[in-house]
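The structure under discussion appears below in the form of structure tokens.
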Amino acid sequence: MKTSTVAELLSKDITLQDIEIKGWVRTFRANRFIALNDGSTLHNIQCVVDFENTDEAILKRINTGAAVHIKGELVESQGKGQRVEIQVNTIDILGDSDADEYPIQPKKHSFEFLRENAHLRTRTNTFSAVMRLRSSLSFAVHKYFNDNGFYYMHTPIITGSDAEGAGEMFKVSALDSKNPPLKEDGNVDYTKDFFGKETNLTVSGQLEAETYAMSLGKVYTFGPTFRAENSNTSRHLAEFWMIEPEVAFMDLAGNMDLAEDFMKSVLSYVLEHNQDDLKFLEQRLLDEEKTKPQVERSEMSLIEKLKFVVDNNFKRVSYTEAIDILKNCKPNKKKKFNFIIEEWGADLQSEHERFLVEKHFKCPVILFDYPANIKAFYMRLNEDGKTVRAMDILFPGIGEMVGGSQREERLDVLKEKMKTLDIDEKELWWYLDLRKYGTAVHSGFGLGFERLVMFATGMGNIRDVIPYPRTPQNAEF
Ligand code: 4AD
Ligand code: MG
């Protein structure tokens, strides 16, 4: 006899003898009805216990949270709301759960409380739905690239370079932190460290991905990325997963096409394959809007938002045009948006980005050709000498989802830029080699996977779309 999953059994509408199932009790009602969940689907299967012929001691152990092994028959359900149910012949308690102590009670818990119980929160409908969607999106990412001729490459987690030049790195060291070897000038002597130099956790796999694009053509990485930026926001993590494709002979326009096609493809994948979970999460948002008057009502439901992105073109706008739009917008009396209008050259703040996507264009926006001064060293300088071929993709409700660019392929221009930014050529000799031997136009982007999961699930806090969030002052699990 093969153990079935709840998802398999619920998809049947015939009577089946001798079925077996294992899972966790969500609720046990009237000494008779178990709502059983095994993670295979959002839905529980009802298991009906013949309490008159079941040992009293066993009945007492069928508590919320307990793991059970049930043998019985799948029959047409007498009750409403489900087509089939299990008539229990035998039930074994595999693992008891003390009903009074079990943190996940059959009631609504706050997300803050569930974060403190991150090891158990996927036993709730919301978090199991979110994590199934996360898994599905992650599969869709690999499927998209595989279907489109990309190679998956693993970039190193420990690196000797700062790909973004932003200095937001977690140091990796095997030195005794209390008593490190010192140089004559009193500074720590990293030549005595494990790697013989200073190293850190990667902030991006881009530079290494570029090296592979320049031989394998089309590659991508999808791995953990670390940033020691002290931003305690609902969109930042210290450890997040980034998807980074890199393509040889592709310019910025091609990069925009790729990013747009990619995002539409992965979102259509979940629209097709995760309907139950999406419908559940959509309803959760509607309920939240009803119960919390301070939550702004959205014009579209979750599924409508996803379909809108899949069916409509992203708006492409240059940084310069965006600044003009921001300068000409009239501050809103109701203070729905209220920000300092920036001059050309300034970095856009999240209020500006929100205004552009949520109030002005009301759709995903690709902003491109940013001022060189506010972007990373590796971006291709435009002919105007002051902007670079960078792009950011902004999403309603999320803000920046993607950051990418065409890369500077000219050795002399790149060296000059590194010099002005004080980046040591010796550190990046291998990166410069790519511009010495068979250089070519190439481009890529980075997409923060958790921000994509936030968009696809409608969750408002990035801490709730990754199993164990790493944020300032928090690495409990
Ligand atoms: O814009 P970023 O910093 O770009 C890069 O790292 C490039 N090297 C990517 C490339 O061209 N290959 O980061 C890319 C994306 C952001 O748009 C955002 O979605 C996400 O990564 N991201 C974060 N997500 C969660 N927490 C953080 N602290 C994040 N920092 C960036
Ligand atoms: Mg960025």
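Chain labels run A, B, ... following the order of the structure tokens; each chain numbers its residues from 1, and ligands are numbered from 1 in the order shown.
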
Exercise for the section: Please identify which residues in segment 75-249 of chain A DSSP calls strand (DSSP E) from the backbone, and express them as number ranges by chain. Expected result: A: 75-76, 84-95, 151-152, 158-159, 171-172, 199-201, 218-226, 239-248

Quick one: which chain A residues come within 8 Å of ligand 2, and what is the nearest atom pair for each with the distance in Å to one decimal, counting only C-alpha atoms and all ligand atoms, rows ordered by chain and ascending number, as JSON lines?
{"residue": "A:Asp392", "atom": "CA", "partner": "ligand 2", "partner_atom_place_in_ligand_line": "1 (Mg)", "distance": 6.7}
{"residue": "A:Glu400", "atom": "CA", "partner": "ligand 2", "partner_atom_place_in_ligand_line": "1 (Mg)", "distance": 7.0}
{"residue": "A:Val402", "atom": "CA", "partner": "ligand 2", "partner_atom_place_in_ligand_line": "1 (Mg)", "distance": 6.8}
{"residue": "A:Gly403", "atom": "CA", "partner": "ligand 2", "partner_atom_place_in_ligand_line": "1 (Mg)", "distance": 4.6}
{"residue": "A:Gly404", "atom": "CA", "partner": "ligand 2", "partner_atom_place_in_ligand_line": "1 (Mg)", "distance": 7.6}

Mind writing the picked residues with C-alpha atoms as a PDB file, in the first residue's frame?
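Contents of result.pdb, freshly written:
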ATOM      1  CA  ASP A 392      16.012  49.680 -12.715  1.00  0.00           C
ATOM      2  CA  GLU A 400      12.880  48.432  -7.107  1.00  0.00           C
ATOM      3  CA  VAL A 402      15.487  44.699 -10.697  1.00  0.00           C
ATOM      4  CA  GLY A 403      18.778  46.500 -11.143  1.00  0.00           C
ATOM      5  CA  GLY A 404      20.813  45.901 -14.275  1.00  0.00           C
TER       6      GLY A 404
END

Problem - Long-range neighbours of segment 444-454 of chain A as a PyMOL selection string, 7 Å cut-off, only C-alpha atoms, 4 positions minimum in chain - result: chain A and resi 134+240-247+255+398+401-406+458-460+462+465-466

Can you tell me which residues surround segment 2-5 of chain A at a distance of at most 8 Å, considering only C-alpha atoms, apart from same-chain residues fewer than 6 positions away, and format the answer as an mmCIF file with C-alpha atoms, in the first residue's frame?
data_model
loop_
_atom_site.group_PDB
_atom_site.id
_atom_site.type_symbol
_atom_site.label_atom_id
_atom_site.label_comp_id
_atom_site.auth_asym_id
_atom_site.auth_seq_id
_atom_site.Cartn_x
_atom_site.Cartn_y
_atom_site.Cartn_z
ATOM 1 C CA ILE A 19 -5.637 4.065 1.435
ATOM 2 C CA GLU A 20 -2.966 5.317 3.779
ATOM 3 C CA ILE A 21 -2.097 8.864 4.693
ATOM 4 C CA LYS A 22 0.251 10.683 7.069
ATOM 5 C CA ASP A 38 0.273 17.200 4.978
ATOM 6 C CA SER A 40 0.843 18.909 -0.321
#

Handout entry: Counting only C-alpha atoms and all ligand atoms, the residue of A:Lys327, A:Arg435, A:Lys386, A:Arg227 that sits nearest ligand 1
Key =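 Distance minimum relative to ligand 1 lands on A:Arg227.
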
With only C-alpha atoms as the counted atoms, please give the residues lying no more than 9 Å from Tyr431 of chain A, apart from itself and same-chain residues fewer than 2 positions off, as a CSV table (one decimal) with N, CA and C atoms, in the first residue's frame.
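Output below, filename around.csv:
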chain,number,residue,atom,x,y,z
A,207,LEU,N,30.1,39.9,-11.3
A,207,LEU,CA,31.4,39.9,-12.0
A,207,LEU,C,31.8,38.6,-12.5
A,208,GLU,N,31.5,37.5,-11.6
A,208,GLU,CA,31.9,36.2,-12.0
A,208,GLU,C,31.0,35.7,-13.2
A,210,GLU,N,29.8,37.6,-15.5
A,210,GLU,CA,30.3,38.2,-16.7
A,210,GLU,C,31.4,37.3,-17.3
A,211,THR,N,32.2,36.8,-16.5
A,211,THR,CA,33.4,36.0,-17.0
A,211,THR,C,32.8,34.8,-17.8
A,427,GLU,N,43.1,44.2,-7.7
A,427,GLU,CA,42.0,43.4,-7.2
A,427,GLU,C,41.2,42.7,-8.2
A,428,LEU,N,41.0,43.5,-9.4
A,428,LEU,CA,40.1,43.0,-10.4
A,428,LEU,C,40.8,42.7,-11.7
A,429,TRP,N,42.1,42.2,-11.6
A,429,TRP,CA,42.8,42.0,-12.8
A,429,TRP,C,42.1,41.0,-13.8
A,433,ASP,N,40.8,41.5,-17.6
A,433,ASP,CA,41.3,40.6,-18.7
A,433,ASP,C,40.2,40.4,-19.7
A,434,LEU,N,38.9,40.4,-19.2
A,434,LEU,CA,37.8,40.1,-20.2
A,434,LEU,C,37.7,41.2,-21.2
A,435,ARG,N,38.2,42.4,-20.8
A,435,ARG,CA,38.2,43.6,-21.8
A,435,ARG,C,39.5,43.6,-22.6

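Taking atom CA of Arg115 of chain A and atom CA of Gly39 of chain A as the two end points, the separation is 19.0 Å.
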
Practice task
Rounded to one decimal place, report the atom CA of Ala390 of chain A-atom CA of Lys419 of chain A distance in Å.
Solution key: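 Atom-to-atom, atom CA of Ala390 of chain A to atom CA of Lys419 of chain A, that is 20.2 Å.
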
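One finds atom CA of Ala129 of chain A at 5.1 Å from atom CA of Asp277 of chain A.
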
Exercise for the section: Using only C-alpha atoms, determine which residues lie at most 9 Å from Asp92 of chain A, disregarding the query and same-chain residues fewer than 5 positions distant; provide the list as a PyMOL selection string. Expected result: chain A and resi 58+67-71

Problem - Of the listed residues A:Arg316, A:Arg297, A:His236, A:Arg407, that which approaches Cys363 of chain A most closely, counting only C-alpha atoms - result: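 Of all the options, A:Arg316 lies closest to Cys363 of chain A.
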
Fill in the blank from the handout: For Glu116 of chain A, the closest of A:Ala372, A:Ile45, A:Ala7, A:Ile104 counting only C-alpha atoms is A:Ile104

Exercise for the section: Skip Ala440 of chain A itself and residues of its chain fewer than 5 positions away, then list as JSON, numbers by chain all residues within 10 Å of it, counting only C-alpha atoms. Expected result: {"A": [214, 248, 249, 250, 407, 408, 409, 410, 434, 435]}

Exercise for the section: Check the DSSP output for the backbone and give back, as a ChimeraX atom specification, the residues of segment 102-218 of chain A in helix (DSSP H, G or I). Expected result: /A:111-116,121-123,125-147,190-192,206-216

Handout entry: Best match for closeness to ligand 1 among A:Tyr437, A:Phe222, A:Phe308, A:Phe361, counting only C-alpha atoms and all ligand atoms
Key =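 When distances to ligand 1 are compared using only C-alpha atoms and all ligand atoms, the smallest one comes from A:Phe222.
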
Practice task
Considering only C-alpha atoms, state which residue in the set A:Phe150, A:Phe111, A:Leu267, A:Arg61 is at the smallest distance from Ala213 of chain A.
Solution key: A:Phe150

What are the nearest atom pairs, with distances in Å to one decimal, for all residues of segment 124-186 of chain A that come at most 10 Å from segment 280-292 of chain A, using only C-alpha atoms, set out by chain and rising residue number as CSV?
residue,atom,partner,partner_atom,distance
A:Asn125,CA,A:Phe280,CA,8.3
A:Thr126,CA,A:Leu281,CA,6.8
A:Phe127,CA,A:Leu281,CA,9.7
A:Ala129,CA,A:Leu281,CA,7.4
A:Val130,CA,A:Leu281,CA,8.1

Selected residues written out with C-alpha atoms, as an mmCIF file, in the first residue's frame:
data_model
loop_
_atom_site.group_PDB
_atom_site.id
_atom_site.type_symbol
_atom_site.label_atom_id
_atom_site.label_comp_id
_atom_site.auth_asym_id
_atom_site.auth_seq_id
_atom_site.Cartn_x
_atom_site.Cartn_y
_atom_site.Cartn_z
ATOM 1 C CA ASN A 125 -2.466 28.276 5.598
ATOM 2 C CA THR A 126 -0.868 31.628 4.838
ATOM 3 C CA PHE A 127 2.739 30.532 5.265
ATOM 4 C CA ALA A 129 0.756 28.953 0.617
ATOM 5 C CA VAL A 130 3.573 31.516 0.505
#

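The smallest atom-to-atom distance between Asp193 of chain A and any of A:Lys171, A:His154, A:Arg32, A:Lys359, using only C-alpha atoms, is found for A:Lys171.
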